[in-house]
Structures are given as C-alpha cells and as structure tokens.
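Student: Sharing a structure with you now.
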2 protein chains.
Amino acid sequence: MSFSQAVFANNRLLAALPHKDREQLLTHCEAVKLDSAQMLYRSGELIRHVYFPTGCLISLMRPVNDSAGLEVKLIGNEGVLGFTLMLGVDVTPFHALVHGSGPALRMTAPAFLDELEHSPALQQELKRYLYVTMTQLAQNAACTRYHVVEARLARWLLMTQDRAHSDHFHVTHELMAHMLGVRRVGITKAANSLLKQKFISYRRGDITILDRAGLETAACECYRADKDIYERILGEEHTFLPHYRDEPIAPHSYSSGMDGV
Amino acid sequence: MSFSQAVFANNRLLAALPHKDREQLLTHCEAVKLDSAQMLYRSGELIRHVYFPTGCLISLMRPVNDSAGLEVKLIGNEGVLGFTLMLGVDVTPFHALVHGSGPALRMTAPAFLDELEHSPALQQELKRYLYVTMTQLAQNAACTRYHVVEARLARWLLMTQDRAHSDHFHVTHELMAHMLGVRRVGITKAANSLLKQKFISYRRGDITILDRAGLETAACECYRADKDIYERILGEEHTFLPHYRDEPIAPHSYSSGMDGV
DNA sequence: TATCGTCTGTGCGTTAGAGCACGTACCGGC
DNA sequence: GCCGGTACGTGCTCTAACGCACAGACGATA
C-alpha cells in the first residue's frame with residue numbers, strides 16, 4: 001500500500017514522524033471515510049482500531065450515568081483516537097463521536113501496538129500527545145467550572161475551526177449544546193450574541209467564522225492555554241529522539257551532571 | 001538505605017511492585033515529611049522530585065489565569081506525584097499543594113527516570129496509573145459541570161477519607177471551597193446540610209466522618225466511577241508484566257489470532 | 001481576663017443557567 | 001403547493017450559586 005504525501009501530511013502526528021517510521025506505519029493503515037454521528041468508540045468497550053484523522057473531527061465524551069455526558073477532548077488532524085492503548089489498556093473510557101465527516105487513516109489495535117513497540121519516535125510523539133491531552137483535560141474541567149456559555153462556545157468554535165481548516169463547517173445548536181453540556185437554548189442565546197457582534201454567521205447548521213480575532217476576545221483564556229501547551233510540547237520546532245531523556249523539552253532542563261547515567 | 005515493610009507498604013503503587021524492583025527503587029528514596037500548605041510544584045516549573053505519599057495528601061490544581069484554579073486530582077498513598085515525567089516532559093502543568101501533612105518517599109527526577117528505564121514493572125504500573133488519572137480528569141470535568149456543591153463535597157470528603165485512612169482529618173471550609181472552586185459559604189451551606197443529616201461532624205477545621213454509607217448516598221455517582229476505574233485497572237487482582245500486550249486487562253481481549261505477532 | 005485572629009453561620013440582592021413550552025422559519029419530498 | 005421534519009428564537013418560572021457584608025463562636029496568646 002502506498003500513500004501520497006498529501007495523505008499523511010494531513011495528520012500532524014504522522015507528519016512529524018521520521019520518514020522511515022512513517023512509511024512503516026502507513027503500510028498498516030487503510031484510508032476510511034468517517035460520517036457525522038458515527039460512534040467509533042463506546043465507553044467501556046474494547047478498542048479495535050486506532051484512527052488518525054486527516055479531514056474529520058472526533059469528540060471524546062465522558063458519559064455521566066446514562067446521560068449525554070460532556071465533551072472532554074476534540075480530536076482533529078493534530079491528533080489520534082485510541083491513544084489509551086499505549087497505556088496498556090485496550091478499553092476506552094470515552095465515547096468517540098464523529099461530528100464532521102471526512103477521511104481518516106485507520107489501523108487495527110494489534111498492528112498499532114506492534115508498530116509502537118518498534119518505533120521509539122512514535123512512542124516519543126505519543127507520549128507528548130498524552131501529556132498535552134492530560135493538560136487539556138484538566139484545563140477543560142476548570143473552564144467548565146468557571147466560564148460562561150458564550151465564552152466556552154467561542155472557544156469551541158475556534159478549536160473546531162483550527163481542526164476543520166476552514167472557516168465554514170456544519171454543526172447545529174443542538175449538537176454544540178450536547179458537547180458543552182448545556183441546553184440548546186443556551187447555545188442559541190450565546191450564538192445570537194456572537195452573531196450580533198458579527199463574529200460568526202449561521203443558517204440551519206451551517207456556521208461561518210467571520211471574525212477570528214473577535215471570537216478570540218469573546219473566548220475564555222482556555223483557548224490560548226490549550227493552544228500554547230500544544231505548541232510548546234508538539235509544535236514545529238520540537239525534535240524526535242529515541243529517549244526523552246536525551247533532550248528534555250523544558251524551558252530549563254537538568255544539567256547533564258544531575259542526570260547521573 | 002533500607003526501609004521497613006511498613007514504609008513502602010503504605011504506598012500502594014510501590015507495594016504492588018515485585019520485590020526486586022521495589023528494593024531497587026527504594027535505594028534512591030528518602031523519607032520526608034510534608035507539611036500542610038506546602039506547594040511542591042508550581043504549574044510551568046521544572047519537576048525536581050517525584051513523591052510517593054505514604055501518609056500525606058496532595059492536591060493537583062490547574063490554575064486559571066492568575067486565580068485560584070480548580071483541584072483536578074487528589075493524590076494519597078494510592079498514587080504518585082510527578083507522573084508526567086514518564087511522558088518525557090519535565091515540566092508540570094499543575095500546582096501541587098499539600099493539605100494533609102504526613103510522610104512521603106521522595107526521589108530525584110533523574111533517579112526516577114533511570115529506575116523507570118530499568119523496571120518494566122514500574123513502567124507497567126505507572127502506565128495504568130496514567131490511564132486511571134486521565135479517566136478521573138475527564139470524570140472530574142463532567143462532575144464539575146453537572147453536580148451540585150453538596151454532592152461534590154460529599155464525594156470530596158469520601159475521596160479524602162479513603163486517602164487519609166482515618167475518619168478524622170483537618171480541613172477548613174475555606175480550603176474545600178478552594179478545591180471545588182466555589183465560595184466558602186457554598187461549602188458552609190453544603191457542610192451544614194451533611195451535618196444535619198448526621199453524615200459528618202466538624203468543629204473549626206476538624207472534620208469527622210460519622211456515616212460513610214450516608215455520605216455515599218449524598219455524593220454523586222462520580223465517587224463510585226472513580227473508585228471503580230481505579231479498582232479495575234490498579235486493583236489487587238491485577239498482575240505485573242513486562243509488556244502490556246502479554247495480558248490485556250480488558251473484560252474481553254483480542255484473541256491471540258488477531259495479535260498477529 | 002481581655003484581645004485578636006481564625007473559623008463558621010446568616011442575610012441580603014443579583015445572575016447564569018435550568019426546565020418547559022410554544023412559535024417561527026426553512027427545506028426537501030410527495 | 002401542501003406537509004412534515006429539522007433548526008432556531010422567545011418567553012416564562014425556578015433555582016443554585018455568586019458577591020458582599022456582617023455577626024457569632026471558639027482558641028490561643030498576652
């Protein structure tokens with residue numbers, strides 16, 4: 001199987017891998033198209049496939065009791081679905097809901113684990129992705145606690161746009177309410193406010209971002225916090241090493257003398 | 001350096017390690033006493049030490065802007081502080097605040113990383129701990145969103161009691177408000193309700209749990225969810241393997257035929 | 001015994017959001 | 001061109017929690 005540059009380049013995690021590791025990984029991948037409202041994972045179930053989104057959007061939801069639950073992480077072409085596999089647990093604690101149809105690369109869980117074992121670069125990349133994810137989960141908890149719906153909505157729209165790579169996408173108030181864990185009318189009210197400020201426009205589920213800068217002022221600081229942590233840990237400038245200890249990515253790092261190995 | 005059974009047995013993560021790995025790890029540990037209100041980590045700073053609590057309580061807080069922030073994880077003798085090191089990032093995204101003075105075992109970050117590299121059992125254990133932590137972070141976000149203060153307080157008291165291993169501990173309304181991200185009077189009101197139901201009693205910061213079962217009915221289901229995920233992934237019955245793939249811990253797992261390696 | 005700091009309780013008005021219900025506007029299909 | 005489903009808007013009441021302020025209650029120390 002062979003994939004064009006365009007295909008893997010659309011997933012930043014894959015694009016960041018060394019050529020050889022990536023090629024090896026891609027031999028196990030198949031291109032699939034994911035459709036909106038598809039439920040890829042259900043909390044508590046076995047992970048059968050790992051997905052590298054290239055042009056779709058996936059929400060991780062943590063269910064509360066039997067109810068709707070709350071979106072805890074948004075995955076686009078900057079990430080991967082199924083990362084908990086690398087922690088040695090093949091059961092997912094989250095629902096994974098597609099809401100932005102598009103292509104993804106998919107591989108079976110066993111193939112993924114096998115590749116992971118043989119690719120230190122992939123391990124490295126995914127460990128950092130895990131770190132970013134943990135931080136974002138915590139950030140999200142705090143955001144959910146402190147910030148009003150309008151700010152959270154603005155943040156969500158920005159995050160979605162970043163991953164959709166387009167200023168136009170399809171999503172209803174109903175769905176956004178589901179994600180943010182609020183009533184539909186709560187979204188309607190907040191969206192209307194953003195509309196009046198001419199930051200966005202929408203019509204029956206078709207949302208257009210008109211003014212990104214405006215949206216950023218309307219959003220809580222969590223948007224920047226999330227983005228900063230991603231850039232710092234997984235941004236363009238970082239390098240790939242077989243062992244993280246060889247090059248700490250901290251602003252300051254241990255002197256080699258302290259390392260003692 | 002040599003530690004008695006009593007010392008390491010007080011940390012469940014250490015106690016779960018094979019004898020040899022544990023002994024090796026302990027040679028690098030020093031026993032320290034942590035005091036209430038001590039700030040072990042500050043978000044964004046370098047991790048210098050890893051702590052295995054044996055008789056103290058540590059809260060991980062995610063700061064929002066410059067403000068107080070929100071508690072995102074409670075660490076007692078079932079866990080470890082500094083786990084993000086194993087993800088190859090030596091900067092912590094959380095504040096770590098002691099609020100329950102007591103002993104802990106401490107080792108330097110480089111020593112920890114060195115031991116980690118040479119102990120598959122420790123890797124295994126920490127990966128599972130990470131999985132549990134991620135799930136709890138997500139659960140916490142949902143809880144914070146949906147549940148009322150009284151239920152969240154009951155949950156927090158139960159979690160604290162589990163880690164304090166005593167039905168009596170010291171913590172003021174002010175501090176609990178800080179943890180849950182609510183006003184002090186919010187805690188006063190909720191605590192008063194629990195008091196009237198005779199689930200707890202308190203006097204100037206000295207809290208006593210009178211009726212655990214009662215508290216559990218007052219708490220949201222998140223308490224059980226957290227506990228369940230911990231037991232399932234890190235509970236007594238689980239085994240230690242150099243590679244997770246050798247024995248999936250899922251309720252169902254891949255047939256060896258699927259594994260293909 | 002008096003005093004001061006810490007901890008807890010109460011009493012306002014205010015507000016974001018919940019829950020429920022209904023009205024309207026658009027679109028596609030028969 | 002009617003009709004039914006989907007999506008959005010509005011209008012109410014209700015409540016948990018906020019912000020602020022102050023009052024009481026205990027405990028250590030002078």
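Each chain in the structure tokens gets a letter, A, B and so on, in the order shown; residues start at 1 in every chain, and ligands are counted from 1 in the order they appear.
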Could you name the residues that touch stretch 11-25 of chain D at 12 Å or less, counting only C-alpha atoms (C1' of nucleotides), but leaving out those on the same chain fewer than 6 positions away, as an MDAnalysis selection string?
Tutor: (chainID A and resid 145:146 185) or (chainID B and resid 146:150 181:187 189:190 203:204) or (chainID C and resid 6:23)
Student: With a cut-off of 7 Å and counting only C-alpha atoms, select all residues of chain B in contact with chain A and give the selection as a ChimeraX atom specification.
Tutor: /B:62,64,69-70,72,84,87-91,93,110,127-128,131,134-135,137-142,144-145,244-245,248-250,259
Student: Name the residues of stretch 21-235 of chain A that fall into alpha helix (DSSP H) according to DSSP on the backbone, using the chain letters and numbers of this document, as a PyMOL selection string.
Tutor: chain A and resi 21-26+109-118+120-146+149-164+173-180+184-196+212-218+222-234
Student: Could you pull the residues within 10 Å of B:Tyr223, counting only C-alpha atoms (C1' of nucleotides), minus those fewer than 3 positions along the same chain, as a list in words?
Tutor: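 Result of the neighbour search: Gln136, Gln139, Asn140, Cys143, Ala151, Arg152, Ala154, Arg155, Trp156, Leu157, Leu158, Met159, Glu216, Ala219, Cys220, Asp226, Lys227 and Asp228 of chain B.
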Student: Take the selection from the previous step and output its residues with C-alpha atoms, as a tab-separated table (two decimals), in the first residue's frame.
Tutor:
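As a result, out_21.tsv now contains:
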chain	number	residue	atom	x	y	z
B	136	GLN	CA	-10.53	10.72	36.51
B	139	GLN	CA	-14.83	12.41	35.12
B	140	ASN	CA	-13.97	15.43	37.19
B	143	CYS	CA	-18.82	16.18	37.66
B	151	ALA	CA	-22.86	16.14	46.14
B	152	ARG	CA	-19.39	17.23	45.09
B	154	ALA	CA	-19.68	14.56	49.83
B	155	ARG	CA	-17.62	12.99	47.09
B	156	TRP	CA	-14.57	15.00	48.06
B	157	LEU	CA	-14.89	14.01	51.70
B	158	LEU	CA	-15.13	10.35	50.77
B	159	MET	CA	-12.10	10.56	48.50
B	216	GLU	CA	-22.17	7.86	49.64
B	219	ALA	CA	-22.35	12.01	46.83
B	220	CYS	CA	-22.72	11.94	43.07
B	226	ASP	CA	-13.54	6.97	40.12
B	227	LYS	CA	-13.21	4.13	42.54
B	228	ASP	CA	-14.38	1.56	40.03
Student: When the cut-off is 8 Å and we count only C-alpha atoms (C1' of nucleotides), which residues of chain B are near chain C, given as a list in words?
Tutor: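 The selection requested is Thr172, Thr188, Arg204 and Gly205 of chain B.
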Student: What separation in Å, quoted to one decimal, exists between atom CA of A:Gly79 and atom CA of A:Ala96?
Tutor: 13.3 Å
Student: Please, which residues of chain D lie no more than 10 Å from chain A when the count uses only C-alpha atoms (C1' of nucleotides), and can they be set out as a list in words?
Tutor: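 That gives DT6, DA7, DC8, DG9 and DT10 of chain D for chain D.
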Student: How would the residues just chosen look if you wrote them out with N, CA, C and O atoms (P, O5', C5', C4', C3', O3' and C1' of nucleotides) as a compact mmCIF listing (two decimals), in the first residue's frame?
Tutor:
# COMPACT_ATOMS: atom_id res chain seq x y z
P DT D 6 -36.30 14.92 11.78
O5' DT D 6 -35.43 16.24 11.65
C5' DT D 6 -34.90 16.60 10.38
C4' DT D 6 -34.49 18.05 10.42
C3' DT D 6 -33.66 18.44 11.66
O3' DT D 6 -32.47 19.05 11.20
C1' DT D 6 -35.39 19.99 11.27
P DA D 7 -31.28 19.40 12.21
O5' DA D 7 -31.54 20.96 12.42
C5' DA D 7 -31.40 21.84 11.32
C4' DA D 7 -31.76 23.23 11.75
C3' DA D 7 -31.07 23.70 13.03
O3' DA D 7 -30.37 24.91 12.73
C1' DA D 7 -33.39 24.13 13.13
P DC D 8 -29.43 25.56 13.85
O5' DC D 8 -30.35 26.75 14.36
C5' DC D 8 -30.82 27.71 13.42
C4' DC D 8 -31.93 28.52 14.04
C3' DC D 8 -31.54 29.31 15.28
O3' DC D 8 -31.69 30.69 14.99
C1' DC D 8 -33.66 28.27 15.51
P DG D 9 -31.29 31.76 16.09
O5' DG D 9 -32.70 32.13 16.73
C5' DG D 9 -33.66 32.81 15.94
C4' DG D 9 -34.87 33.16 16.79
C3' DG D 9 -34.55 33.91 18.09
O3' DG D 9 -35.35 35.08 18.13
C1' DG D 9 -35.94 32.04 18.53
P DT D 10 -35.18 36.15 19.26
O5' DT D 10 -36.39 35.85 20.24
C5' DT D 10 -37.64 35.50 19.69
C4' DT D 10 -38.65 35.26 20.79
C3' DT D 10 -38.38 36.01 22.09
O3' DT D 10 -39.59 36.58 22.55
C1' DT D 10 -38.65 33.71 22.54
Student: Go ahead and compute the interatomic distance for atom CA of B:Gln197 and atom CA of B:Arg163, in Å to one decimal.
Tutor: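 Those two atoms sit 23.4 Å apart.
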